[in-house]
Amino acid sequence: MAQQVEFKKVRDFGEVIGDTFLFIKQNFKPLLKTFIYFCGFFMLAGLLTAIMVQSNVFREAGAMKIAPIYTNSYSRISDFAGQYLLLIIFIMLFYNAIYVSMLSYVTLYIEKGNIAPSTQEVWGYYKYYFFRVLGSSIVAGLFMVICFICCIIPGIYVFPAMSIFYPIIILENASLGHSFDRSFKLVKNEWWITAAILLVVWIITYFMSMVIQMPAAIIMMFTAISHTEQPISNAYIILSSCGQYLSYIFFIIPIIASALIYFNLVERKESVGLMSRIERLGADSTDKHHTEEEY
């Protein structure tokens, strides 16, 4: 049996990526169960809302081509705005749920000595951190948007630090301000390696997601060739939306990678895990010494 992944250790570029997939492979079933249990509702709600929004958009676009309608435009805009707002809310809640559930799983996995936690154990952490992380994510999201609006370069620069922002909140039970400050301190002098790992991980995630969405793209191409009058069908809308939301399961990959990156940076700067292992070795040797002296 392969040795379970130890989070608290120094890793190089390849080890972070390799251990990300090794951890997912070793914990595939409990991770998938955690994902479905804690993210399934928001995923399904977002999927149904996305199908509704896209169907309404293409239906209205088709109606406008046939006979442009200038009346009741305000009410139609209001309806679309409400639907898009609902979709955005479900997407935010889904992303928040997957971050909290996966990082809570990692926290319990470490606390239990590299043993997969149950969904009941994850639920205790999940309900405690859900709204804390949701509020922090809104602030962090606004910060990232401002950085990208000001210039693309500041947004790229802060992305590695913000990638470990959420692990710090949950793994250290830290506040918003402390997590924000600590994320930049940990990434200091380690920006390039952190950015390179994240780039590779996100490229892998993107291509794996595209595999799920490929059938919808093929149907779209076939429909566009055979039905030039109405290239967008309801079947395509449903299939593309299902493919898109199913591909979100691969978002587990960068979240696990961010946890490994966090511990890698902590160990490089603070050696917390190393000191903990040394203390355990000392305790084990002391116990063994006492046992040998017993008669």
# chains A, B, ... in the order shown; residues from 1 in each chain; ligands from 1
$ residues_around --residues "stretch 33-45 of chain A" --least-positions-apart "6" --cutoff "12 Å" --atoms "only C-alpha atoms" --output "PyMOL selection string"
chain A and resi 27+51-52+86-106+116-127+130+241-252
$ write_last_selection --atoms "C-alpha atoms" --output "mmCIF file, in the first residue's frame"
data_model
loop_
_atom_site.group_PDB
_atom_site.id
_atom_site.type_symbol
_atom_site.label_atom_id
_atom_site.label_comp_id
_atom_site.auth_asym_id
_atom_site.auth_seq_id
_atom_site.Cartn_x
_atom_site.Cartn_y
_atom_site.Cartn_z
ATOM 1 C CA ASN A 27 -8.766 9.937 -1.435
ATOM 2 C CA ILE A 51 -30.092 26.566 -18.554
ATOM 3 C CA MET A 52 -32.981 28.940 -17.876
ATOM 4 C CA LEU A 86 -29.491 34.674 -9.286
ATOM 5 C CA LEU A 87 -26.971 32.821 -11.450
ATOM 6 C CA ILE A 88 -24.073 34.877 -10.047
ATOM 7 C CA ILE A 89 -25.231 34.179 -6.483
ATOM 8 C CA PHE A 90 -25.377 30.420 -7.080
ATOM 9 C CA ILE A 91 -21.929 30.474 -8.719
ATOM 10 C CA MET A 92 -20.469 32.359 -5.744
ATOM 11 C CA LEU A 93 -22.067 29.951 -3.283
ATOM 12 C CA PHE A 94 -20.829 26.955 -5.290
ATOM 13 C CA TYR A 95 -17.225 28.179 -5.401
ATOM 14 C CA ASN A 96 -17.401 29.017 -1.707
ATOM 15 C CA ALA A 97 -18.796 25.555 -0.919
ATOM 16 C CA ILE A 98 -16.084 23.703 -2.829
ATOM 17 C CA TYR A 99 -13.294 25.747 -1.218
ATOM 18 C CA VAL A 100 -14.655 25.286 2.296
ATOM 19 C CA SER A 101 -15.457 21.578 1.907
ATOM 20 C CA MET A 102 -12.133 20.600 0.307
ATOM 21 C CA LEU A 103 -9.976 22.627 2.709
ATOM 22 C CA SER A 104 -11.998 21.376 5.684
ATOM 23 C CA TYR A 105 -11.348 17.849 4.413
ATOM 24 C CA VAL A 106 -7.596 18.554 4.229
ATOM 25 C CA ALA A 116 -9.798 10.374 5.442
ATOM 26 C CA PRO A 117 -12.492 12.112 7.531
ATOM 27 C CA SER A 118 -16.190 11.335 7.360
ATOM 28 C CA THR A 119 -18.782 13.739 5.960
ATOM 29 C CA GLN A 120 -20.106 14.287 9.503
ATOM 30 C CA GLU A 121 -16.673 15.466 10.601
ATOM 31 C CA VAL A 122 -16.313 17.722 7.568
ATOM 32 C CA TRP A 123 -19.776 19.168 8.260
ATOM 33 C CA GLY A 124 -18.587 20.521 11.613
ATOM 34 C CA TYR A 125 -15.856 22.549 9.916
ATOM 35 C CA TYR A 126 -18.000 23.376 6.897
ATOM 36 C CA LYS A 127 -20.789 25.101 8.822
ATOM 37 C CA PHE A 130 -18.850 28.738 5.275
ATOM 38 C CA SER A 241 -24.516 23.618 -19.338
ATOM 39 C CA CYS A 242 -24.282 20.084 -17.914
ATOM 40 C CA GLY A 243 -20.784 19.682 -19.333
ATOM 41 C CA GLN A 244 -19.690 23.008 -17.928
ATOM 42 C CA TYR A 245 -20.947 22.287 -14.415
ATOM 43 C CA LEU A 246 -19.669 18.707 -14.404
ATOM 44 C CA SER A 247 -16.229 20.025 -15.336
ATOM 45 C CA TYR A 248 -16.223 22.098 -12.148
ATOM 46 C CA ILE A 249 -15.356 18.932 -10.247
ATOM 47 C CA PHE A 250 -11.815 19.377 -11.570
ATOM 48 C CA PHE A 251 -11.627 22.561 -9.524
ATOM 49 C CA ILE A 252 -10.648 20.219 -6.689
#
$ residues_around --residues "stretch 255-261 of chain A" --least-positions-apart "2" --cutoff "7 Å" --atoms "only C-alpha atoms" --output "MDAnalysis selection string"
chainID A and resid 7 16:17 20 99 163:164 167 251:253 263:265
$ atom_distance --atom1 "atom CA of A:Ser240" --atom2 "atom CA of A:Pro215"
8.1 Å
$ residues_around --residues "A:Met162" --least-positions-apart "6" --cutoff "10 Å" --atoms "only C-alpha atoms" --output "PyMOL selection string"
chain A and resi 140-141+143-144+155+168+179-180+183-184+187+258
$ residues_around --residues "A:Asn189" --least-positions-apart "4" --cutoff "12 Å" --atoms "only C-alpha atoms" --output "number ranges by chain"
A: 160-161, 184-185, 193-195, 265, 268-269
$ write_last_selection --atoms "N, CA and C atoms" --output "PDB file, in the first residue's frame"
ATOM      1  N   PRO A 160      -0.680  34.684  -6.963  1.00  0.00           N
ATOM      2  CA  PRO A 160      -0.078  33.608  -6.150  1.00  0.00           C
ATOM      3  C   PRO A 160      -0.351  33.763  -4.661  1.00  0.00           C
ATOM      4  N   ALA A 161      -0.283  34.994  -4.166  1.00  0.00           N
ATOM      5  CA  ALA A 161      -0.555  35.225  -2.738  1.00  0.00           C
ATOM      6  C   ALA A 161      -2.014  34.936  -2.419  1.00  0.00           C
ATOM      7  N   PHE A 184       0.905  37.201   1.709  1.00  0.00           N
ATOM      8  CA  PHE A 184       1.960  37.933   1.000  1.00  0.00           C
ATOM      9  C   PHE A 184       3.330  37.686   1.633  1.00  0.00           C
ATOM     10  N   LYS A 185       3.376  37.514   2.952  1.00  0.00           N
ATOM     11  CA  LYS A 185       4.649  37.235   3.614  1.00  0.00           C
ATOM     12  C   LYS A 185       5.185  35.861   3.221  1.00  0.00           C
ATOM     13  N   ILE A 193       8.348  30.395  -8.171  1.00  0.00           N
ATOM     14  CA  ILE A 193       8.045  28.969  -8.081  1.00  0.00           C
ATOM     15  C   ILE A 193       6.558  28.747  -7.807  1.00  0.00           C
ATOM     16  N   THR A 194       5.967  29.620  -6.972  1.00  0.00           N
ATOM     17  CA  THR A 194       4.534  29.516  -6.682  1.00  0.00           C
ATOM     18  C   THR A 194       3.706  29.794  -7.924  1.00  0.00           C
ATOM     19  N   ALA A 195       4.070  30.842  -8.654  1.00  0.00           N
ATOM     20  CA  ALA A 195       3.344  31.194  -9.879  1.00  0.00           C
ATOM     21  C   ALA A 195       3.474  30.088 -10.929  1.00  0.00           C
ATOM     22  N   LEU A 265       5.426  26.440   1.537  1.00  0.00           N
ATOM     23  CA  LEU A 265       5.952  27.754   1.898  1.00  0.00           C
ATOM     24  C   LEU A 265       6.174  27.883   3.403  1.00  0.00           C
ATOM     25  N   ARG A 268       9.294  25.893   4.349  1.00  0.00           N
ATOM     26  CA  ARG A 268      10.515  26.558   3.895  1.00  0.00           C
ATOM     27  C   ARG A 268      10.900  27.715   4.814  1.00  0.00           C
ATOM     28  N   LYS A 269       9.903  28.407   5.358  1.00  0.00           N
ATOM     29  CA  LYS A 269      10.184  29.593   6.169  1.00  0.00           C
ATOM     30  C   LYS A 269      10.167  29.312   7.667  1.00  0.00           C
TER      31      LYS A 269
END
$ select_by_dssp --residues "stretch 91-126 of chain A" --states "helix (DSSP H, G or I)" --output "PyMOL selection string"
chain A and resi 91-111+119-126
$ atom_distance --atom1 "atom CA of A:Leu186" --atom2 "atom CA of A:Asp12"
15.6 Å
